[in-house]
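Asks: One file: my_file.pdb (PDB, C-alpha atoms, pLDDT in the B column).
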```pdb
ATOM      1  CA  MET A   8       0.000   0.000   0.000  1.00 76.00           C
ATOM      2  CA  ASP A   9       1.418   3.375  -0.974  1.00 89.00           C
ATOM      3  CA  ILE A  10       1.621   6.260   1.458  1.00 96.00           C
ATOM      4  CA  ILE A  11      -0.460   9.221   0.273  1.00 98.00           C
ATOM      5  CA  LYS A  12       1.933  12.171   0.266  1.00 98.00           C
ATOM      6  CA  VAL A  13       0.285  15.564   0.588  1.00 98.00           C
ATOM      7  CA  LYS A  14       1.817  18.924  -0.254  1.00 98.00           C
ATOM      8  CA  ALA A  15       0.690  22.438   0.605  1.00 98.00           C
ATOM      9  CA  ASN A  16      -0.535  22.882  -2.970  1.00 98.00           C
ATOM     10  CA  SER A  17      -2.241  19.482  -3.231  1.00 98.00           C
ATOM     11  CA  ARG A  18      -5.897  19.698  -4.226  1.00 97.00           C
ATOM     12  CA  THR A  19      -8.024  18.578  -1.294  1.00 97.00           C
ATOM     13  CA  ALA A  20     -10.651  16.868  -3.449  1.00 97.00           C
ATOM     14  CA  ALA A  21      -8.013  14.808  -5.268  1.00 98.00           C
ATOM     15  CA  VAL A  22      -6.331  13.795  -2.022  1.00 98.00           C
ATOM     16  CA  ALA A  23      -9.713  12.976  -0.480  1.00 98.00           C
ATOM     17  CA  GLY A  24     -10.533  10.715  -3.411  1.00 98.00           C
ATOM     18  CA  ALA A  25      -7.205   8.939  -2.999  1.00 98.00           C
ATOM     19  CA  ILE A  26      -7.765   8.439   0.741  1.00 98.00           C
ATOM     20  CA  ALA A  27     -11.272   7.070   0.181  1.00 98.00           C
ATOM     21  CA  GLY A  28     -10.042   4.727  -2.543  1.00 97.00           C
ATOM     22  CA  VAL A  29      -7.181   3.335  -0.462  1.00 98.00           C
ATOM     23  CA  VAL A  30      -9.424   2.859   2.601  1.00 98.00           C
ATOM     24  CA  ARG A  31     -12.045   1.053   0.507  1.00 97.00           C
ATOM     25  CA  GLU A  32      -9.394  -1.311  -0.857  1.00 96.00           C
ATOM     26  CA  HIS A  33      -7.116  -1.801   2.161  1.00 97.00           C
ATOM     27  CA  ARG A  34      -9.361  -0.830   5.159  1.00 97.00           C
ATOM     28  CA  HIS A  35      -6.532   1.489   6.138  1.00 97.00           C
ATOM     29  CA  ALA A  36      -4.605   4.421   4.654  1.00 98.00           C
ATOM     30  CA  GLU A  37      -1.456   6.343   5.522  1.00 98.00           C
ATOM     31  CA  ILE A  38      -1.133  10.040   4.768  1.00 98.00           C
ATOM     32  CA  GLN A  39       2.145  11.919   5.083  1.00 98.00           C
ATOM     33  CA  ALA A  40       2.601  15.676   5.219  1.00 98.00           C
ATOM     34  CA  ILE A  41       5.568  17.931   5.944  1.00 97.00           C
ATOM     35  CA  GLY A  42       4.988  21.516   7.006  1.00 97.00           C
ATOM     36  CA  ALA A  43       1.948  23.465   8.150  1.00 98.00           C
ATOM     37  CA  GLY A  44       0.421  23.987   4.706  1.00 98.00           C
ATOM     38  CA  ALA A  45       0.663  20.305   3.849  1.00 98.00           C
ATOM     39  CA  VAL A  46      -0.699  19.167   7.221  1.00 98.00           C
ATOM     40  CA  ASN A  47      -3.645  21.523   6.811  1.00 98.00           C
ATOM     41  CA  GLN A  48      -4.401  20.169   3.329  1.00 98.00           C
ATOM     42  CA  ALA A  49      -4.143  16.608   4.632  1.00 98.00           C
ATOM     43  CA  ILE A  50      -6.647  17.255   7.424  1.00 98.00           C
ATOM     44  CA  LYS A  51      -9.062  19.014   5.080  1.00 98.00           C
ATOM     45  CA  ALA A  52      -8.806  16.106   2.628  1.00 98.00           C
ATOM     46  CA  LEU A  53      -9.420  13.685   5.475  1.00 98.00           C
ATOM     47  CA  VAL A  54     -12.626  15.506   6.456  1.00 98.00           C
ATOM     48  CA  LEU A  55     -13.846  15.221   2.846  1.00 98.00           C
ATOM     49  CA  ALA A  56     -12.814  11.546   2.600  1.00 98.00           C
ATOM     50  CA  LYS A  57     -14.602  10.827   5.886  1.00 98.00           C
ATOM     51  CA  GLY A  58     -17.771  12.190   4.279  1.00 97.00           C
ATOM     52  CA  TYR A  59     -17.336  10.123   1.111  1.00 97.00           C
ATOM     53  CA  LEU A  60     -16.756   6.952   3.132  1.00 98.00           C
ATOM     54  CA  ALA A  61     -19.631   7.659   5.524  1.00 97.00           C
ATOM     55  CA  GLU A  62     -21.970   7.409   2.514  1.00 96.00           C
ATOM     56  CA  ASP A  63     -20.944   3.736   2.396  1.00 95.00           C
ATOM     57  CA  ASN A  64     -21.261   3.417   6.188  1.00 97.00           C
ATOM     58  CA  ILE A  65     -17.470   3.295   6.541  1.00 98.00           C
ATOM     59  CA  ILE A  66     -16.578   5.348   9.627  1.00 97.00           C
ATOM     60  CA  VAL A  67     -12.921   6.335   9.836  1.00 98.00           C
ATOM     61  CA  VAL A  68     -10.738   7.742  12.590  1.00 98.00           C
ATOM     62  CA  ALA A  69      -7.216   9.143  12.408  1.00 98.00           C
ATOM     63  CA  VAL A  70      -4.198   8.359  14.548  1.00 98.00           C
ATOM     64  CA  PRO A  71      -1.440  10.943  14.015  1.00 98.00           C
ATOM     65  CA  GLU A  72       2.237  10.331  14.652  1.00 98.00           C
ATOM     66  CA  PHE A  73       5.602  11.895  13.894  1.00 98.00           C
ATOM     67  CA  VAL A  74       7.897  10.154  11.419  1.00 98.00           C
ATOM     68  CA  ASP A  75      11.372  11.121  10.282  1.00 97.00           C
ATOM     69  CA  VAL A  76      11.776  11.142   6.530  1.00 96.00           C
ATOM     70  CA  GLU A  77      14.876  11.853   4.468  1.00 95.00           C
ATOM     71  CA  ILE A  78      14.397  14.337   1.657  1.00 91.00           C
ATOM     72  CA  GLU A  79      17.323  15.285  -0.542  1.00 93.00           C
ATOM     73  CA  GLY A  80      19.732  14.039   2.118  1.00 95.00           C
ATOM     74  CA  LYS A  81      18.125  15.964   4.989  1.00 96.00           C
ATOM     75  CA  VAL A  82      16.057  14.410   7.763  1.00 96.00           C
ATOM     76  CA  ARG A  83      12.743  16.144   8.279  1.00 96.00           C
ATOM     77  CA  THR A  84       9.898  15.436  10.658  1.00 97.00           C
ATOM     78  CA  ALA A  85       6.661  14.594   8.913  1.00 98.00           C
ATOM     79  CA  ILE A  86       3.181  14.082  10.284  1.00 98.00           C
ATOM     80  CA  LYS A  87       1.772  10.691   9.395  1.00 98.00           C
ATOM     81  CA  LEU A  88      -1.967  10.239   9.695  1.00 98.00           C
ATOM     82  CA  ASN A  89      -2.981   6.624  10.011  1.00 98.00           C
ATOM     83  CA  VAL A  90      -6.560   6.337   8.838  1.00 98.00           C
ATOM     84  CA  GLU A  91      -8.391   3.382  10.308  1.00 97.00           C
ATOM     85  CA  ILE A  92     -11.914   2.087  10.237  1.00 97.00           C
ATOM     86  CA  ARG A  93     -13.653   2.429  13.581  1.00 91.00           C
TER
ATOM     87  CA  MET B  21     -16.328  20.832  28.697  1.00 76.00           C
ATOM     88  CA  ASP B  22     -14.437  23.685  27.083  1.00 89.00           C
ATOM     89  CA  ILE B  23     -13.189  23.491  23.516  1.00 96.00           C
ATOM     90  CA  ILE B  24      -9.400  23.738  23.341  1.00 98.00           C
ATOM     91  CA  LYS B  25      -8.690  26.564  20.911  1.00 98.00           C
ATOM     92  CA  VAL B  26      -5.303  26.411  19.219  1.00 98.00           C
ATOM     93  CA  LYS B  27      -3.509  29.245  17.439  1.00 98.00           C
ATOM     94  CA  ALA B  28      -0.517  29.205  15.129  1.00 98.00           C
ATOM     95  CA  ASN B  29       1.651  30.510  17.963  1.00 98.00           C
ATOM     96  CA  SER B  30       0.280  28.180  20.637  1.00 98.00           C
ATOM     97  CA  ARG B  31       2.960  26.147  22.403  1.00 97.00           C
ATOM     98  CA  THR B  32       2.510  22.495  21.470  1.00 97.00           C
ATOM     99  CA  ALA B  33       3.538  21.192  24.908  1.00 97.00           C
ATOM    100  CA  ALA B  34       0.995  23.422  26.653  1.00 98.00           C
ATOM    101  CA  VAL B  35      -1.778  22.415  24.254  1.00 98.00           C
ATOM    102  CA  ALA B  36      -0.789  18.757  24.597  1.00 98.00           C
ATOM    103  CA  GLY B  37      -1.053  19.012  28.368  1.00 98.00           C
ATOM    104  CA  ALA B  38      -4.496  20.569  28.063  1.00 98.00           C
ATOM    105  CA  ILE B  39      -5.665  17.829  25.691  1.00 98.00           C
ATOM    106  CA  ALA B  40      -4.382  15.075  27.967  1.00 98.00           C
ATOM    107  CA  GLY B  41      -5.996  16.682  31.009  1.00 97.00           C
ATOM    108  CA  VAL B  42      -9.392  17.073  29.360  1.00 98.00           C
ATOM    109  CA  VAL B  43      -9.322  13.506  27.982  1.00 98.00           C
ATOM    110  CA  ARG B  44      -8.411  12.127  31.415  1.00 97.00           C
ATOM    111  CA  GLU B  45     -11.331  13.997  33.000  1.00 96.00           C
ATOM    112  CA  HIS B  46     -13.992  13.738  30.302  1.00 97.00           C
ATOM    113  CA  ARG B  47     -12.874  10.728  28.177  1.00 97.00           C
ATOM    114  CA  HIS B  48     -13.184  13.094  25.206  1.00 97.00           C
ATOM    115  CA  ALA B  49     -11.762  16.425  24.060  1.00 98.00           C
ATOM    116  CA  GLU B  50     -12.519  18.935  21.337  1.00 98.00           C
ATOM    117  CA  ILE B  51      -9.768  20.956  19.679  1.00 98.00           C
ATOM    118  CA  GLN B  52     -10.489  23.861  17.351  1.00 98.00           C
ATOM    119  CA  ALA B  53      -8.046  25.479  14.933  1.00 98.00           C
ATOM    120  CA  ILE B  54      -8.418  28.055  12.172  1.00 97.00           C
ATOM    121  CA  GLY B  55      -5.774  28.331   9.483  1.00 97.00           C
ATOM    122  CA  ALA B  56      -2.849  26.155   8.429  1.00 98.00           C
ATOM    123  CA  GLY B  57      -0.483  27.208  11.211  1.00 98.00           C
ATOM    124  CA  ALA B  58      -3.061  26.546  13.904  1.00 98.00           C
ATOM    125  CA  VAL B  59      -4.108  23.188  12.422  1.00 98.00           C
ATOM    126  CA  ASN B  60      -0.459  22.129  12.293  1.00 98.00           C
ATOM    127  CA  GLN B  61       0.078  23.080  15.952  1.00 98.00           C
ATOM    128  CA  ALA B  62      -3.096  21.227  16.919  1.00 98.00           C
ATOM    129  CA  ILE B  63      -1.962  18.019  15.211  1.00 98.00           C
ATOM    130  CA  LYS B  64       1.513  18.246  16.707  1.00 98.00           C
ATOM    131  CA  ALA B  65      -0.005  18.776  20.164  1.00 98.00           C
ATOM    132  CA  LEU B  66      -2.296  15.802  19.586  1.00 98.00           C
ATOM    133  CA  VAL B  67       0.682  13.562  18.789  1.00 98.00           C
ATOM    134  CA  LEU B  68       2.323  14.635  22.053  1.00 98.00           C
ATOM    135  CA  ALA B  69      -0.913  14.193  24.037  1.00 98.00           C
ATOM    136  CA  LYS B  70      -1.371  10.738  22.513  1.00 98.00           C
ATOM    137  CA  GLY B  71       2.052   9.827  23.927  1.00 97.00           C
ATOM    138  CA  TYR B  72       1.249  11.217  27.387  1.00 97.00           C
ATOM    139  CA  LEU B  73      -2.050   9.322  27.504  1.00 98.00           C
ATOM    140  CA  ALA B  74      -0.531   6.100  26.166  1.00 97.00           C
ATOM    141  CA  GLU B  75       1.636   6.021  29.319  1.00 96.00           C
ATOM    142  CA  ASP B  76      -1.631   5.492  31.199  1.00 95.00           C
ATOM    143  CA  ASN B  77      -2.860   2.977  28.616  1.00 97.00           C
ATOM    144  CA  ILE B  78      -5.343   5.490  27.234  1.00 98.00           C
ATOM    145  CA  ILE B  79      -5.335   5.148  23.455  1.00 97.00           C
ATOM    146  CA  VAL B  80      -6.907   8.048  21.595  1.00 98.00           C
ATOM    147  CA  VAL B  81      -8.047   8.584  18.031  1.00 98.00           C
ATOM    148  CA  ALA B  82      -9.106  11.781  16.270  1.00 98.00           C
ATOM    149  CA  VAL B  83     -12.163  12.474  14.164  1.00 98.00           C
ATOM    150  CA  PRO B  84     -11.773  15.740  12.244  1.00 98.00           C
ATOM    151  CA  GLU B  85     -14.664  17.842  10.981  1.00 98.00           C
ATOM    152  CA  PHE B  86     -15.327  21.314   9.608  1.00 98.00           C
ATOM    153  CA  VAL B  87     -17.227  23.773  11.781  1.00 98.00           C
ATOM    154  CA  ASP B  88     -18.278  27.334  11.017  1.00 97.00           C
ATOM    155  CA  VAL B  89     -17.343  29.795  13.723  1.00 96.00           C
ATOM    156  CA  GLU B  90     -18.061  33.507  13.927  1.00 95.00           C
ATOM    157  CA  ILE B  91     -15.087  35.686  14.774  1.00 91.00           C
ATOM    158  CA  GLU B  92     -15.501  39.442  14.992  1.00 93.00           C
ATOM    159  CA  GLY B  93     -18.706  39.216  12.945  1.00 96.00           C
ATOM    160  CA  LYS B  94     -17.193  37.090  10.159  1.00 96.00           C
ATOM    161  CA  VAL B  95     -17.929  33.426   9.578  1.00 96.00           C
ATOM    162  CA  ARG B  96     -14.793  31.320   9.221  1.00 96.00           C
ATOM    163  CA  THR B  97     -14.339  27.614   8.714  1.00 97.00           C
ATOM    164  CA  ALA B  98     -12.444  25.936  11.507  1.00 98.00           C
ATOM    165  CA  ILE B  99     -11.134  22.420  11.834  1.00 98.00           C
ATOM    166  CA  LYS B 100     -12.496  20.659  14.895  1.00 98.00           C
ATOM    167  CA  LEU B 101     -10.645  17.589  16.076  1.00 98.00           C
ATOM    168  CA  ASN B 102     -12.786  15.331  18.226  1.00 98.00           C
ATOM    169  CA  VAL B 103     -10.442  13.291  20.380  1.00 98.00           C
ATOM    170  CA  GLU B 104     -11.964  10.034  21.540  1.00 97.00           C
ATOM    171  CA  ILE B 105     -10.738   7.015  23.425  1.00 97.00           C
ATOM    172  CA  ARG B 106     -10.487   3.947  21.235  1.00 91.00           C
TER
END
```
Take the structure in this file and express it as structure tokens.
Replies:
Amino acid sequence: MDIIKVKANSRTAAVAGAIAGVVREHRHAEIQAIGAGAVNQAIKALVLAKGYLAEDNIIVVAVPEFVDVEIEGKVRTAIKLNVEIR
Amino acid sequence: MDIIKVKANSRTAAVAGAIAGVVREHRHAEIQAIGAGAVNQAIKALVLAKGYLAEDNIIVVAVPEFVDVEIEGKVRTAIKLNVEIR
């Protein structure tokens, strides 16, 4: 399962569709965002995805955690949102 | 139960302590943030609070939603994070 990587300029509707699709297939999704703009987009997309999935009676919750990721040789702290079915 | 309102310049450790305290007392907390910086601080604080609570075997999940709030006569869309015990 691929991690859904969100950027500050990601479109929320597109990310939301990806989250909903991954949750439908895998019953779980992982979203990764680095920086305030990206985290904000990720949360907004998650709210939309939650609505899409609720139409199919799939109720999701999020468990956030910090993860260190290496980008161009530098270690940065990302927020990972683990999306799980309640 | 008061809503925990987070700003972009809120200290994550202080917010995390507030979240953990409210969850311990009420088994539930509500966090509200407006804007990318505030949402990012709220999520970071939630990760910290999750760690504090896990020491007491309290495992929390978050359910995000949009809420409209009126600030100085203008309606703005906030992110509300409902923190629940799994």
Asks: Can you measure CA of Gly93 in chain B to CA of Gln61 in chain B for me? One decimal in Å is fine.
Replies: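 Taking CA of Gly93 in chain B and CA of Gln61 in chain B, their separation equals 24.9 Å.
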Asks: With a cut-off of 6 Å and counting only C-alpha atoms, select all residues of chain A in contact with chain B and give the selection as a CSV table (one decimal) with C-alpha atoms, in the coordinates of the input.
Replies:
```csv
chain,number,residue,atom,x,y,z
A,43,ALA,CA,1.9,23.5,8.2
A,44,GLY,CA,0.4,24.0,4.7
A,46,VAL,CA,-0.7,19.2,7.2
A,47,ASN,CA,-3.6,21.5,6.8
A,54,VAL,CA,-12.6,15.5,6.5
A,68,VAL,CA,-10.7,7.7,12.6
A,69,ALA,CA,-7.2,9.1,12.4
A,70,VAL,CA,-4.2,8.4,14.5
A,71,PRO,CA,-1.4,10.9,14.0
A,72,GLU,CA,2.2,10.3,14.7
```
Asks: Check what the PyMOL selection byres ((chain B and resi 32) around 8) selects in the file above and give those residues as a ChimeraX atom specification.
Replies: /B:30-31,33-36,61-62,64-65,68
Asks: Could you tell me which residues the PyMOL selection byres ((chain A and resi 38) around 6) grabs in this file, written as a list of chain:residue names?
Replies: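 Going through the file, the PyMOL selection byres ((chain A and resi 38) around 6) ends up selecting A:Ile10, A:Ile11, A:Lys12, A:Glu37, A:Gln39, A:Lys87, A:Leu88.
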Asks: Export, as a short mmCIF file (atom, residue, chain, number, x, y, z; two decimals), in the frame of the given file, the selected residues with C-alpha atoms.
Replies:
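Saved file again31.cif follows:
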```cif
data_model
loop_
_atom_site.label_atom_id
_atom_site.label_comp_id
_atom_site.auth_asym_id
_atom_site.auth_seq_id
_atom_site.Cartn_x
_atom_site.Cartn_y
_atom_site.Cartn_z
CA ILE A 10 1.62 6.26 1.46
CA ILE A 11 -0.46 9.22 0.27
CA LYS A 12 1.93 12.17 0.27
CA GLU A 37 -1.46 6.34 5.52
CA GLN A 39 2.14 11.92 5.08
CA LYS A 87 1.77 10.69 9.40
CA LEU A 88 -1.97 10.24 9.70
#
```
Asks: Quote the spacing between CA of Val43 in chain B and CA of Val89 in chain B in Å to one decimal place.
Replies: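 Going from CA of Val43 in chain B over to CA of Val89 in chain B covers 23.1 Å.
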Asks: Quick one: pull the distance between CA of His48 in chain B and CA of Ile65 in chain A, Å, one decimal.
Replies: 21.5 Å
Asks: Which of these, A:Asp75, A:Ile92, A:Arg83, A:Val13, has the shortest distance to Ala36 in chain A once you count all atoms listed in the file?
Replies: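 Among A:Asp75, A:Ile92, A:Arg83, A:Val13, it is A:Ile92 that comes nearest to Ala36 in chain A.
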Asks: Given 8 Å of margin on each side, can you work out the centre and size in Å (one decimal) of an axis-aligned box holding every listed atom of range 85-101 of chain B, as AutoDock Vina command-line options?
Replies:
```
--center_x -14.7 --center_y 28.5 --center_z 12.4 --size_x 24.1 --size_y 37.9 --size_z 23.4
```
